file query.csv (CSV, C-alpha atoms)
chain,number,residue,atom,x,y,z
T,1,MET,CA,59.8,-70.4,85.3
T,2,ASN,CA,56.4,-71.3,84.0
T,3,PRO,CA,55.3,-70.4,80.5
T,4,GLN,CA,52.5,-68.1,81.8
T,5,ALA,CA,55.0,-66.0,83.7
T,6,GLU,CA,57.2,-65.9,80.6
T,7,LEU,CA,54.3,-64.7,78.5
T,8,TYR,CA,53.3,-62.1,81.0
T,9,PHE,CA,56.9,-60.8,81.3
T,10,VAL,CA,57.2,-60.7,77.5
T,11,ASN,CA,54.0,-58.7,77.2
T,12,LEU,CA,55.1,-56.2,79.9
T,13,LEU,CA,58.5,-55.8,78.3
T,14,GLU,CA,57.1,-55.3,74.8
T,15,GLU,CA,54.8,-52.6,76.2
T,16,ASN,CA,57.6,-50.8,78.0
T,17,GLN,CA,60.5,-51.4,75.6
T,18,ASN,CA,61.1,-47.7,75.1
T,19,ILE,CA,62.6,-47.5,78.6
T,20,LEU,CA,65.3,-49.8,77.4
T,21,HIS,CA,65.7,-48.1,74.0
T,22,LYS,CA,66.2,-44.8,75.6
T,23,ILE,CA,68.9,-46.1,77.9
T,24,CYS,CA,70.6,-47.7,74.9
T,25,ARG,CA,70.5,-44.4,73.1
T,26,LEU,CA,72.4,-42.7,76.0
T,27,TYR,CA,75.0,-45.5,76.6
T,28,THR,CA,75.8,-46.7,73.1
T,29,THR,CA,77.0,-44.9,69.9
T,30,ASP,CA,76.1,-47.4,67.2
T,31,ILE,CA,73.2,-49.6,66.2
T,32,ASP,CA,75.0,-52.9,66.9
T,33,ALA,CA,75.9,-51.8,70.4
T,34,HIS,CA,72.4,-50.6,70.9
T,35,LYS,CA,71.1,-54.1,70.0
T,36,ASP,CA,73.7,-55.8,72.3
T,37,LEU,CA,72.9,-53.7,75.3
T,38,PHE,CA,69.1,-54.1,74.7
T,39,GLN,CA,69.6,-57.9,74.6
T,40,GLU,CA,71.7,-57.8,77.8
T,41,MET,CA,69.1,-55.8,79.6
T,42,VAL,CA,66.4,-58.2,78.6
T,43,ILE,CA,68.4,-61.1,79.8
T,44,GLN,CA,69.2,-59.4,83.2
T,45,LEU,CA,65.5,-58.3,83.6
T,46,TRP,CA,64.4,-61.9,83.0
T,47,LYS,CA,66.9,-63.3,85.4
T,48,ALA,CA,65.9,-60.8,88.1
T,49,TYR,CA,62.1,-61.2,87.3
T,50,PRO,CA,61.5,-63.7,90.2
T,51,SER,CA,62.5,-60.9,92.6
T,52,PHE,CA,59.8,-58.6,91.1
T,53,LYS,CA,57.1,-58.8,93.8
T,54,GLY,CA,54.5,-56.7,92.0
T,55,ASP,CA,54.2,-54.3,95.0
T,56,SER,CA,56.1,-51.7,93.0
T,57,LYS,CA,55.5,-50.6,89.4
T,58,PHE,CA,57.0,-52.8,86.8
T,59,THR,CA,58.6,-49.7,85.2
T,60,THR,CA,60.2,-48.6,88.4
T,61,TRP,CA,61.7,-52.0,88.9
T,62,ALA,CA,62.8,-52.2,85.3
T,63,TYR,CA,64.5,-48.8,85.3
T,64,ARG,CA,66.7,-50.0,88.1
T,65,VAL,CA,67.7,-53.3,86.6
T,66,ALA,CA,68.2,-51.9,83.1
T,67,LEU,CA,70.3,-48.9,84.4
T,68,ASN,CA,72.4,-51.2,86.5
T,69,THR,CA,73.0,-53.4,83.5
T,70,ALA,CA,74.2,-50.4,81.4
T,71,ILE,CA,76.4,-49.0,84.2
T,72,SER,CA,77.8,-52.1,85.8
T,73,LEU,CA,77.4,-55.2,83.7
T,74,TYR,CA,77.5,-54.3,80.1
T,75,ARG,CA,80.8,-55.0,78.4
T,76,VAL,CA,81.5,-53.0,75.3
T,77,LYS,CA,82.5,-55.4,72.6
T,78,LYS,CA,85.4,-54.4,70.3
T,79,ARG,CA,84.2,-54.4,66.7
T,80,LYS,CA,86.5,-54.8,63.8
T,81,ILE,CA,84.0,-53.3,61.4
T,82,THR,CA,82.8,-49.8,62.1
T,83,THR,CA,79.1,-50.0,62.3
T,84,VAL,CA,76.6,-47.3,61.6
T,85,GLU,CA,76.7,-44.5,64.1
T,86,TRP,CA,73.6,-42.9,65.4
T,87,ASP,CA,72.8,-39.6,63.9
T,88,ASN,CA,73.2,-37.2,66.8
T,89,SER,CA,71.4,-34.4,65.1
T,90,LEU,CA,68.3,-36.3,64.2
T,91,GLN,CA,67.5,-39.0,66.7
T,92,ASN,CA,64.7,-40.2,64.4
T,93,ILE,CA,62.5,-37.4,65.6
T,94,ARG,CA,60.2,-35.0,63.8
T,95,TYR,CA,61.8,-31.6,64.0
T,96,GLU,CA,59.0,-29.6,62.3
T,97,GLU,CA,57.9,-28.1,65.5
T,98,TYR,CA,61.4,-26.7,66.3
T,99,ASP,CA,63.0,-23.7,64.7
T,100,ASP,CA,66.5,-23.8,63.4
T,101,GLN,CA,68.0,-22.4,66.5
T,102,GLN,CA,66.3,-25.0,68.8
T,103,GLU,CA,67.2,-27.7,66.4
T,104,GLN,CA,70.9,-26.7,66.7
T,105,GLN,CA,70.5,-26.5,70.5
T,106,LEU,CA,69.0,-30.0,70.7
T,107,SER,CA,71.7,-31.5,68.5
T,108,SER,CA,74.4,-29.9,70.7
T,109,LEU,CA,72.6,-31.1,73.9
T,110,TYR,CA,72.4,-34.7,72.7
T,111,SER,CA,76.1,-34.8,71.8
T,112,ALA,CA,77.0,-33.2,75.1
T,113,VAL,CA,75.0,-35.7,77.1
T,114,ARG,CA,76.7,-38.5,75.2
T,115,GLN,CA,80.1,-37.2,76.5
T,116,LEU,CA,79.1,-37.5,80.2
T,117,ASN,CA,80.3,-40.4,82.2
T,118,ASP,CA,78.1,-43.4,83.0
T,119,ILE,CA,76.9,-42.1,86.4
T,120,GLU,CA,76.1,-38.6,85.0
T,121,LYS,CA,74.2,-40.2,82.2
T,122,ALA,CA,72.1,-42.2,84.6
T,123,LEU,CA,71.2,-39.0,86.5
T,124,VAL,CA,70.3,-37.1,83.3
T,125,TYR,CA,68.3,-40.1,82.1
T,126,MET,CA,66.2,-40.2,85.3
T,127,TYR,CA,65.8,-36.4,85.2
T,128,LEU,CA,64.6,-36.5,81.7
T,129,GLU,CA,62.2,-39.3,82.7
T,130,ASP,CA,60.8,-37.0,85.4
T,131,LYS,CA,61.9,-39.1,88.3
T,132,ASP,CA,62.1,-37.3,91.6
T,133,TYR,CA,65.3,-37.0,93.6
T,134,ALA,CA,64.0,-39.6,96.1
T,135,GLU,CA,63.9,-42.2,93.4
T,136,ILE,CA,67.1,-41.1,91.8
T,137,SER,CA,68.9,-41.4,95.1
T,138,GLU,CA,67.3,-44.8,95.8
T,139,THR,CA,68.3,-46.2,92.4
T,140,LEU,CA,71.9,-45.1,92.5
T,141,GLY,CA,72.4,-45.7,96.2
T,142,ILE,CA,73.5,-42.1,97.1
T,143,SER,CA,71.8,-39.6,99.4
T,144,GLU,CA,69.1,-37.3,98.0
T,145,VAL,CA,71.1,-34.2,98.8
T,146,ASN,CA,74.1,-35.5,96.9
T,147,ALA,CA,71.9,-36.5,93.9
T,148,ARG,CA,70.6,-32.9,93.8
T,149,VAL,CA,74.1,-31.4,94.1
T,150,LYS,CA,75.4,-33.8,91.3
T,151,MET,CA,72.5,-32.9,89.0
T,152,ASN,CA,73.2,-29.2,89.4
T,153,ARG,CA,76.8,-29.8,88.6
T,154,ILE,CA,75.9,-31.7,85.5
T,155,LYS,CA,73.6,-28.9,84.4
T,156,THR,CA,76.5,-26.5,84.7
T,157,LYS,CA,78.8,-28.9,83.0
T,158,LEU,CA,76.4,-29.3,80.1
T,159,LYS,CA,76.0,-25.5,79.8
T,160,THR,CA,79.8,-25.1,79.6
T,161,MET,CA,80.1,-27.9,77.0
T,162,ILE,CA,77.5,-26.3,74.8
T,163,ASN,CA,78.9,-22.8,75.1
T,164,GLN,CA,82.4,-24.1,74.3
T,165,GLU,CA,81.0,-25.8,71.2
T,166,GLY,CA,79.0,-22.7,70.2
C,1,MET,CA,68.0,-24.7,82.9
C,2,GLU,CA,66.3,-23.8,79.8
C,3,GLU,CA,68.3,-26.1,77.5
C,4,LEU,CA,67.7,-29.2,79.6
C,5,ASP,CA,64.0,-28.5,79.7
C,6,LEU,CA,64.0,-28.2,75.9
C,7,LEU,CA,65.8,-31.6,75.8
C,8,LYS,CA,63.1,-33.0,78.2
C,9,THR,CA,60.2,-32.1,76.0
C,10,HIS,CA,62.0,-33.5,73.0
C,11,TRP,CA,63.0,-36.6,74.9
C,12,LYS,CA,59.5,-37.5,75.8
C,13,LYS,CA,58.5,-37.4,72.1
C,14,ALA,CA,61.5,-39.5,71.2
C,15,ASP,CA,59.8,-42.8,70.8
C,16,HIS,CA,60.6,-43.7,67.2
C,17,PHE,CA,62.7,-46.7,68.1
C,18,PRO,CA,62.9,-50.0,66.1
C,19,LYS,CA,60.1,-52.0,67.6
C,20,ILE,CA,61.1,-55.4,69.0
C,21,ASN,CA,58.3,-57.8,68.8
C,22,LYS,CA,57.3,-60.4,71.3
C,23,ASP,CA,58.9,-63.3,69.5
C,24,GLU,CA,62.2,-61.5,69.4
C,25,ILE,CA,62.0,-60.7,73.1
C,26,ARG,CA,61.2,-64.3,73.9
C,27,ARG,CA,64.2,-65.5,72.0
C,28,MET,CA,66.4,-62.9,73.8
C,29,LEU,CA,65.3,-64.3,77.2
C,30,HIS,CA,67.1,-67.6,76.6
C,31,LYS,CA,70.3,-66.2,75.1
C,32,ASN,CA,73.5,-66.3,77.1
C,33,SER,CA,74.5,-63.2,78.9
C,34,SER,CA,77.8,-61.5,77.9
C,35,SER,CA,77.9,-59.3,81.0
C,36,ILE,CA,81.1,-58.8,83.0
C,37,LEU,CA,79.5,-60.7,85.8
C,38,ARG,CA,79.5,-63.9,83.7
C,39,TRP,CA,83.1,-63.3,82.7
C,40,ILE,CA,84.1,-62.7,86.3
C,41,LEU,CA,82.4,-66.0,87.3
C,42,PHE,CA,84.2,-67.9,84.6
C,43,ILE,CA,87.6,-66.4,85.3
C,44,CYS,CA,87.3,-66.9,89.0
C,45,LEU,CA,86.2,-70.5,88.6
C,46,ALA,CA,89.1,-71.1,86.2
C,47,GLU,CA,91.5,-69.7,88.8
C,48,PHE,CA,90.1,-72.0,91.4
C,49,ILE,CA,90.3,-75.0,89.1
C,50,VAL,CA,93.9,-74.2,88.3
C,51,GLY,CA,94.7,-73.8,92.0
C,52,LEU,CA,92.9,-77.0,93.0
C,53,SER,CA,94.5,-79.0,90.1
C,54,LEU,CA,98.0,-78.0,91.1
C,55,LYS,CA,97.4,-79.0,94.7
C,56,GLY,CA,95.7,-82.2,93.6
C,57,TYR,CA,98.7,-83.0,91.3
C,58,TYR,CA,101.2,-82.5,94.1
C,59,LEU,CA,99.2,-84.4,96.7
C,60,ILE,CA,98.8,-87.4,94.4
C,61,TYR,CA,102.0,-87.7,92.4
C,62,GLU,CA,104.6,-85.9,94.4
C,63,THR,CA,103.8,-87.1,97.9
C,64,GLU,CA,106.9,-89.3,98.1
C,65,LYS,CA,109.2,-86.3,97.4
C,66,MET,CA,107.4,-84.2,100.0
C,67,LYS,CA,108.7,-83.3,103.3
C,68,ASN,CA,106.3,-83.1,106.3
C,69,TYR,CA,105.9,-79.4,106.0
C,70,ASP,CA,105.1,-79.7,102.3
C,71,ILE,CA,102.2,-82.0,103.1
C,72,VAL,CA,101.0,-79.7,105.8
C,73,LEU,CA,101.1,-76.7,103.5
C,74,GLU,CA,99.4,-78.6,100.7
C,75,VAL,CA,96.6,-79.7,102.9
C,76,LEU,CA,96.2,-76.2,104.4
C,77,GLY,CA,96.3,-74.8,100.9
C,78,THR,CA,93.5,-77.2,99.7
C,79,LEU,CA,91.4,-76.4,102.7
C,80,ALA,CA,91.9,-72.7,102.1
C,81,THR,CA,90.9,-73.1,98.4
C,82,ALA,CA,87.7,-74.9,99.5
C,83,TYR,CA,87.0,-72.2,102.0
C,84,PHE,CA,87.5,-69.4,99.5
C,85,LEU,CA,85.4,-71.2,96.9
C,86,ILE,CA,82.5,-71.4,99.4
C,87,VAL,CA,82.8,-67.8,100.4
C,88,PHE,CA,83.1,-66.7,96.8
C,89,TYR,CA,79.9,-68.7,96.0
C,90,LYS,CA,78.1,-67.0,98.8
C,91,GLU,CA,79.3,-63.6,97.9
C,92,TYR,CA,78.5,-64.2,94.2
C,93,ASN,CA,74.9,-65.2,95.1
C,94,LYS,CA,74.5,-61.9,97.0
C,95,ILE,CA,75.0,-59.9,93.7
C,96,LYS,CA,71.5,-58.7,92.7
C,97,THR,CA,70.9,-56.5,89.8
C,98,TYR,CA,67.7,-55.1,91.4
C,99,THR,CA,69.6,-53.5,94.3
C,100,ASP,CA,70.8,-49.9,94.0
C,101,THR,CA,73.7,-49.3,91.7
C,102,LYS,CA,76.3,-48.6,94.4
C,103,SER,CA,75.4,-51.8,96.4
C,104,LEU,CA,75.5,-53.9,93.2
C,105,MET,CA,79.0,-52.6,92.3
C,106,LYS,CA,80.2,-53.1,95.8
C,107,SER,CA,79.0,-56.7,95.9
C,108,ILE,CA,80.7,-57.5,92.6
C,109,LEU,CA,84.0,-56.0,93.7
C,110,LYS,CA,83.7,-57.8,97.1
C,111,ALA,CA,83.1,-61.2,95.4
C,112,ARG,CA,86.1,-60.5,93.2
C,113,SER,CA,88.3,-59.4,96.1
C,114,TRP,CA,87.9,-62.8,97.7
C,115,VAL,CA,89.4,-64.5,94.6
C,116,LYS,CA,92.2,-61.9,94.6
C,117,MET,CA,92.9,-62.8,98.2
C,118,TYR,CA,92.9,-66.5,97.3
C,119,ILE,CA,95.4,-65.9,94.5
C,120,ALA,CA,97.6,-63.9,96.8
C,121,ILE,CA,97.5,-66.6,99.6
C,122,THR,CA,98.1,-69.4,97.1
C,123,MET,CA,101.1,-67.6,95.6
C,124,GLY,CA,102.4,-66.9,99.1
C,125,ILE,CA,102.2,-70.6,100.0
C,126,ILE,CA,104.0,-71.6,96.7
C,127,ILE,CA,106.8,-69.1,97.4
C,128,VAL,CA,107.2,-70.3,100.9
C,129,GLN,CA,107.3,-73.9,99.7
C,130,TRP,CA,109.8,-73.2,97.0
C,131,THR,CA,112.0,-71.2,99.3
C,132,PHE,CA,112.0,-74.0,101.9
C,133,GLY,CA,112.5,-76.6,99.3
C,134,ILE,CA,115.5,-74.9,97.6
C,135,LEU,CA,117.1,-74.0,100.9
C,136,ASP,CA,116.6,-77.4,102.3
C,137,GLU,CA,117.8,-79.5,99.4
C,138,SER,CA,120.6,-77.3,98.0
C,139,VAL,CA,121.9,-74.6,100.2
C,140,PHE,CA,121.9,-76.3,103.6
C,141,HIS,CA,123.2,-79.5,101.9
C,142,SER,CA,126.1,-77.5,100.3
C,143,PHE,CA,126.8,-75.8,103.6
C,144,LYS,CA,127.2,-79.1,105.4
C,145,GLU,CA,129.5,-80.3,102.7
C,146,GLY,CA,131.4,-77.1,102.9
C,147,PHE,CA,132.1,-77.5,106.6
C,148,THR,CA,133.1,-81.1,106.4
C,149,ASP,CA,135.1,-81.2,103.2
C,150,GLY,CA,137.5,-78.4,103.6
C,151,ALA,CA,138.3,-75.2,101.7
C,152,GLY,CA,137.6,-76.4,98.2
C,153,ALA,CA,134.1,-77.5,99.0
C,154,GLU,CA,133.4,-74.3,100.9
C,155,HIS,CA,134.1,-72.4,97.7
C,156,THR,CA,131.6,-74.7,95.8
C,157,ALA,CA,129.0,-74.1,98.5
C,158,ALA,CA,129.3,-70.3,98.2
C,159,VAL,CA,129.0,-70.5,94.4
C,160,SER,CA,126.1,-72.8,94.7
C,161,ASN,CA,124.4,-70.5,97.2
C,162,ALA,CA,124.8,-67.5,94.9
C,163,ALA,CA,123.4,-69.5,92.0
C,164,MET,CA,120.4,-70.7,93.9
C,165,VAL,CA,119.6,-67.2,95.2
C,166,THR,CA,119.9,-65.9,91.6
C,167,ILE,CA,117.6,-68.6,90.2
C,168,MET,CA,115.1,-68.0,93.0
C,169,LEU,CA,115.0,-64.3,92.5
C,170,THR,CA,114.8,-64.7,88.7
C,171,THR,CA,111.9,-67.2,89.0
C,172,PHE,CA,110.0,-65.1,91.4
C,173,THR,CA,110.5,-62.0,89.2
C,174,ILE,CA,109.3,-63.8,86.1
C,175,ILE,CA,106.2,-65.2,88.0
C,176,GLY,CA,105.5,-61.7,89.4
C,177,ILE,CA,105.7,-60.2,85.9
C,178,LEU,CA,103.5,-62.9,84.4
C,179,LEU,CA,100.9,-62.4,87.2
C,180,LEU,CA,101.0,-58.6,86.7
C,181,LEU,CA,100.5,-59.1,83.0
C,182,TYR,CA,97.6,-61.5,83.6
C,183,TYR,CA,95.9,-59.1,85.9
C,184,ARG,CA,96.5,-56.2,83.5
C,185,PHE,CA,95.0,-57.9,80.5
C,186,VAL,CA,92.3,-60.1,82.1
C,187,TYR,CA,91.2,-58.5,85.3
C,188,VAL,CA,91.9,-54.8,85.0
C,189,ARG,CA,90.3,-54.5,81.5
C,190,LEU,CA,87.3,-56.4,82.7
C,191,ILE,CA,86.7,-54.5,85.9
C,192,GLN,CA,88.1,-51.0,85.0
C,193,LYS,CA,84.7,-49.5,83.9
C,194,LEU,CA,83.0,-50.9,87.0
C,195,LYS,CA,85.7,-49.6,89.4
C,196,LYS,CA,85.6,-46.2,87.7
C,197,ASN,CA,81.9,-45.9,88.1
C,198,TYR,CA,82.0,-47.2,91.7
C,199,ASP,CA,84.7,-44.6,92.6
C,200,GLU,CA,82.6,-41.9,91.0
C,201,LEU,CA,79.6,-42.8,93.2
C,202,VAL,CA,81.7,-43.1,96.3
C,203,SER,CA,83.3,-39.7,95.6
C,204,LEU,CA,79.8,-38.1,95.5
C,205,GLU,CA,79.2,-39.2,99.1
C,206,SER,CA,82.5,-37.9,100.4
call {"tool": "encode", "arguments": {"input": "query.csv", "output": "structure tokens"}}
result
Amino acid sequence: MNPQAELYFVNLLEENQNILHKICRLYTTDIDAHKDLFQEMVIQLWKAYPSFKGDSKFTTWAYRVALNTAISLYRVKKRKITTVEWDNSLQNIRYEEYDDQQEQQLSSLYSAVRQLNDIEKALVYMYLEDKDYAEISETLGISEVNARVKMNRIKTKLKTMINQEG
Amino acid sequence: MEELDLLKTHWKKADHFPKINKDEIRRMLHKNSSSILRWILFICLAEFIVGLSLKGYYLIYETEKMKNYDIVLEVLGTLATAYFLIVFYKEYNKIKTYTDTKSLMKSILKARSWVKMYIAITMGIIIVQWTFGILDESVFHSFKEGFTDGAGAEHTAAVSNAAMVTIMLTTFTIIGILLLLYYRFVYVRLIQKLKKNYDELVSLES
């Protein structure tokens, strides 16, 4: 591929890298795995880039390839040395605007979402990213009705998990 | 759900990630993938190469010892390998990461299933060949001797038959166990996650 296309792609990706970081946060539990998955998603996005026609938004296309990489292609490496785990309670976020109870709730929510399976995480991810059910169903390859039903089940599941913890 | 909405507002502000700069991204583009897709490709190609080398070896060095049916089976086997290799290549090329998740997983499993079928057919051909070979050279031969040489030789033939059958069964069992172990450690471990996720998506539609 020509250097111009590469430059353009790198710029687009740098601008939209948080899409990938957020997927990594859901699908990995430590910093090294986060970096691994991030790199794998970049490789897969670059490989698939010739298929990007530009008639859809770059982000919509990137969501799909990146999620597919996390769900179907990423191979978790076994590590001999335990690496630093993400701090579930903090997530590098300012908490000033949240009271103690909300902070506790958020912490429980993040750890509950982490315990979901890969498909459920994908649904939650797209829900949190404000994707509509049409896009969720198109990305996962299931019907819109089933995406909706599954999302409702996940909400109930999360509620149960949080209540059990509390 | 109140909780999930709380998470959503928080999620949108969650942008304090380590920033990867353009140079780092550019370097990443040219690194080798470590995806299961790449592993599947390598493993499948290795399986084809082993299959083809075995056939090549027999056709080149063992032709003199071969009976007609051996040569026919070897040629058929080689043609089958070539056919499977072409089909695998075509199926592998259909795997696109930008299709929906379900189709992507289905296409990976389909490409892999062709190689599985190839292994099964190759093993089938080997078992048929060995069975024919052993029966042809030893058992039938001993039988003939048994009928012509009288009671003593008949006894030898019976012992020889039992020994051959035992050897055959033991060999097939050992090969079977080795193949199962191979699939358990190489294939199942590699594809387990994908299969689980695929089944989860399929179950949503049922």
call {"tool": "atom_distance", "arguments": {"input": "query.csv", "atom1": "CA of Asn146 (chain T)", "atom2": "CA of Cys24 (chain T)"}}
result
25.4 Å
call {"tool": "closest_residue", "arguments": {"input": "query.csv", "among": "T:Glu103, T:Glu40, T:Glu120, T:Glu15", "to": "chain C", "atoms": "only C-alpha atoms"}}
result
T:Glu40
call {"tool": "atom_distance", "arguments": {"input": "query.csv", "atom1": "CA of Lys55 (chain C)", "atom2": "CA of Thr78 (chain C)"}}
result
6.6 Å
call {"tool": "interface_residues", "arguments": {"input": "query.csv", "of": "chain T", "to": "chain C", "cutoff": "8 Å", "atoms": "all atoms listed in the file", "output": "PyMOL selection string"}}
result
chain T and resi 6+10-11+13-14+17-18+21+39-40+42-44+46+48+51+61+64-65+68-69+71-75+91-93+105-106+109-110+118-119+128-129+138-143+146+150+155
call {"tool": "write_last_selection", "arguments": {"input": "query.csv", "atoms": "C-alpha atoms", "output": "PDB file, keeping the file's coordinate frame"}}
result
ATOM      1  CA  GLU T   6      57.200 -65.900  80.600  1.00  0.00           C
ATOM      2  CA  VAL T  10      57.200 -60.700  77.500  1.00  0.00           C
ATOM      3  CA  ASN T  11      54.000 -58.700  77.200  1.00  0.00           C
ATOM      4  CA  LEU T  13      58.500 -55.800  78.300  1.00  0.00           C
ATOM      5  CA  GLU T  14      57.100 -55.300  74.800  1.00  0.00           C
ATOM      6  CA  GLN T  17      60.500 -51.400  75.600  1.00  0.00           C
ATOM      7  CA  ASN T  18      61.100 -47.700  75.100  1.00  0.00           C
ATOM      8  CA  HIS T  21      65.700 -48.100  74.000  1.00  0.00           C
ATOM      9  CA  GLN T  39      69.600 -57.900  74.600  1.00  0.00           C
ATOM     10  CA  GLU T  40      71.700 -57.800  77.800  1.00  0.00           C
ATOM     11  CA  VAL T  42      66.400 -58.200  78.600  1.00  0.00           C
ATOM     12  CA  ILE T  43      68.400 -61.100  79.800  1.00  0.00           C
ATOM     13  CA  GLN T  44      69.200 -59.400  83.200  1.00  0.00           C
ATOM     14  CA  TRP T  46      64.400 -61.900  83.000  1.00  0.00           C
ATOM     15  CA  ALA T  48      65.900 -60.800  88.100  1.00  0.00           C
ATOM     16  CA  SER T  51      62.500 -60.900  92.600  1.00  0.00           C
ATOM     17  CA  TRP T  61      61.700 -52.000  88.900  1.00  0.00           C
ATOM     18  CA  ARG T  64      66.700 -50.000  88.100  1.00  0.00           C
ATOM     19  CA  VAL T  65      67.700 -53.300  86.600  1.00  0.00           C
ATOM     20  CA  ASN T  68      72.400 -51.200  86.500  1.00  0.00           C
ATOM     21  CA  THR T  69      73.000 -53.400  83.500  1.00  0.00           C
ATOM     22  CA  ILE T  71      76.400 -49.000  84.200  1.00  0.00           C
ATOM     23  CA  SER T  72      77.800 -52.100  85.800  1.00  0.00           C
ATOM     24  CA  LEU T  73      77.400 -55.200  83.700  1.00  0.00           C
ATOM     25  CA  TYR T  74      77.500 -54.300  80.100  1.00  0.00           C
ATOM     26  CA  ARG T  75      80.800 -55.000  78.400  1.00  0.00           C
ATOM     27  CA  GLN T  91      67.500 -39.000  66.700  1.00  0.00           C
ATOM     28  CA  ASN T  92      64.700 -40.200  64.400  1.00  0.00           C
ATOM     29  CA  ILE T  93      62.500 -37.400  65.600  1.00  0.00           C
ATOM     30  CA  GLN T 105      70.500 -26.500  70.500  1.00  0.00           C
ATOM     31  CA  LEU T 106      69.000 -30.000  70.700  1.00  0.00           C
ATOM     32  CA  LEU T 109      72.600 -31.100  73.900  1.00  0.00           C
ATOM     33  CA  TYR T 110      72.400 -34.700  72.700  1.00  0.00           C
ATOM     34  CA  ASP T 118      78.100 -43.400  83.000  1.00  0.00           C
ATOM     35  CA  ILE T 119      76.900 -42.100  86.400  1.00  0.00           C
ATOM     36  CA  LEU T 128      64.600 -36.500  81.700  1.00  0.00           C
ATOM     37  CA  GLU T 129      62.200 -39.300  82.700  1.00  0.00           C
ATOM     38  CA  GLU T 138      67.300 -44.800  95.800  1.00  0.00           C
ATOM     39  CA  THR T 139      68.300 -46.200  92.400  1.00  0.00           C
ATOM     40  CA  LEU T 140      71.900 -45.100  92.500  1.00  0.00           C
ATOM     41  CA  GLY T 141      72.400 -45.700  96.200  1.00  0.00           C
ATOM     42  CA  ILE T 142      73.500 -42.100  97.100  1.00  0.00           C
ATOM     43  CA  SER T 143      71.800 -39.600  99.400  1.00  0.00           C
ATOM     44  CA  ASN T 146      74.100 -35.500  96.900  1.00  0.00           C
ATOM     45  CA  LYS T 150      75.400 -33.800  91.300  1.00  0.00           C
ATOM     46  CA  LYS T 155      73.600 -28.900  84.400  1.00  0.00           C
TER      47      LYS T 155
END
call {"tool": "residues_around", "arguments": {"input": "query.csv", "residues": "Lys116 (chain C)", "least_positions_apart": "2", "cutoff": "12 Å", "atoms": "only C-alpha atoms", "output": "list in words"}}
result
Ile40, Ile43, Cys44, Glu47, Phe48, Thr81, Phe84, Leu85, Phe88, Leu109, Lys110, Ala111, Arg112, Ser113, Trp114, Tyr118, Ile119, Ala120, Ile121, Thr122, Met123, Leu179, Tyr183, Tyr187 and Val188 of chain C
call {"tool": "decode", "arguments": {"input": "query.csv", "residues": "region 54-65 of chain C", "atoms": "N, CA and C atoms", "output": "PDB file, in the first residue's frame"}}
result
ATOM      1  N   LEU C  54       4.633 -37.504   3.017  1.00  0.00           N
ATOM      2  CA  LEU C  54       4.466 -38.956   3.177  1.00  0.00           C
ATOM      3  C   LEU C  54       4.108 -39.601   1.854  1.00  0.00           C
ATOM      4  N   LYS C  55       3.177 -38.966   1.140  1.00  0.00           N
ATOM      5  CA  LYS C  55       2.756 -39.530  -0.145  1.00  0.00           C
ATOM      6  C   LYS C  55       3.907 -39.502  -1.140  1.00  0.00           C
ATOM      7  N   GLY C  56       4.619 -38.363  -1.143  1.00  0.00           N
ATOM      8  CA  GLY C  56       5.759 -38.216  -2.050  1.00  0.00           C
ATOM      9  C   GLY C  56       6.792 -39.299  -1.779  1.00  0.00           C
ATOM     10  N   TYR C  57       7.073 -39.533  -0.489  1.00  0.00           N
ATOM     11  CA  TYR C  57       8.068 -40.521  -0.103  1.00  0.00           C
ATOM     12  C   TYR C  57       7.675 -41.905  -0.624  1.00  0.00           C
ATOM     13  N   TYR C  58       6.436 -42.279  -0.391  1.00  0.00           N
ATOM     14  CA  TYR C  58       5.976 -43.604  -0.831  1.00  0.00           C
ATOM     15  C   TYR C  58       6.030 -43.740  -2.335  1.00  0.00           C
ATOM     16  N   LEU C  59       5.593 -42.674  -3.021  1.00  0.00           N
ATOM     17  CA  LEU C  59       5.550 -42.769  -4.489  1.00  0.00           C
ATOM     18  C   LEU C  59       6.948 -42.837  -5.091  1.00  0.00           C
ATOM     19  N   ILE C  60       7.915 -42.165  -4.448  1.00  0.00           N
ATOM     20  CA  ILE C  60       9.263 -42.138  -5.019  1.00  0.00           C
ATOM     21  C   ILE C  60      10.077 -43.374  -4.602  1.00  0.00           C
ATOM     22  N   TYR C  61      10.080 -43.673  -3.300  1.00  0.00           N
ATOM     23  CA  TYR C  61      11.000 -44.713  -2.808  1.00  0.00           C
ATOM     24  C   TYR C  61      10.382 -46.102  -2.618  1.00  0.00           C
ATOM     25  N   GLU C  62       9.090 -46.156  -2.514  1.00  0.00           N
ATOM     26  CA  GLU C  62       8.496 -47.453  -2.189  1.00  0.00           C
ATOM     27  C   GLU C  62       7.701 -48.048  -3.359  1.00  0.00           C
ATOM     28  N   THR C  63       7.847 -47.430  -4.540  1.00  0.00           N
ATOM     29  CA  THR C  63       7.038 -47.868  -5.674  1.00  0.00           C
ATOM     30  C   THR C  63       7.214 -49.358  -5.970  1.00  0.00           C
ATOM     31  N   GLU C  64       8.460 -49.847  -5.861  1.00  0.00           N
ATOM     32  CA  GLU C  64       8.730 -51.241  -6.210  1.00  0.00           C
ATOM     33  C   GLU C  64       7.960 -52.224  -5.330  1.00  0.00           C
ATOM     34  N   LYS C  65       7.856 -51.838  -4.046  1.00  0.00           N
ATOM     35  CA  LYS C  65       7.157 -52.727  -3.117  1.00  0.00           C
ATOM     36  C   LYS C  65       5.641 -52.628  -3.260  1.00  0.00           C
TER      37      LYS C  65
END
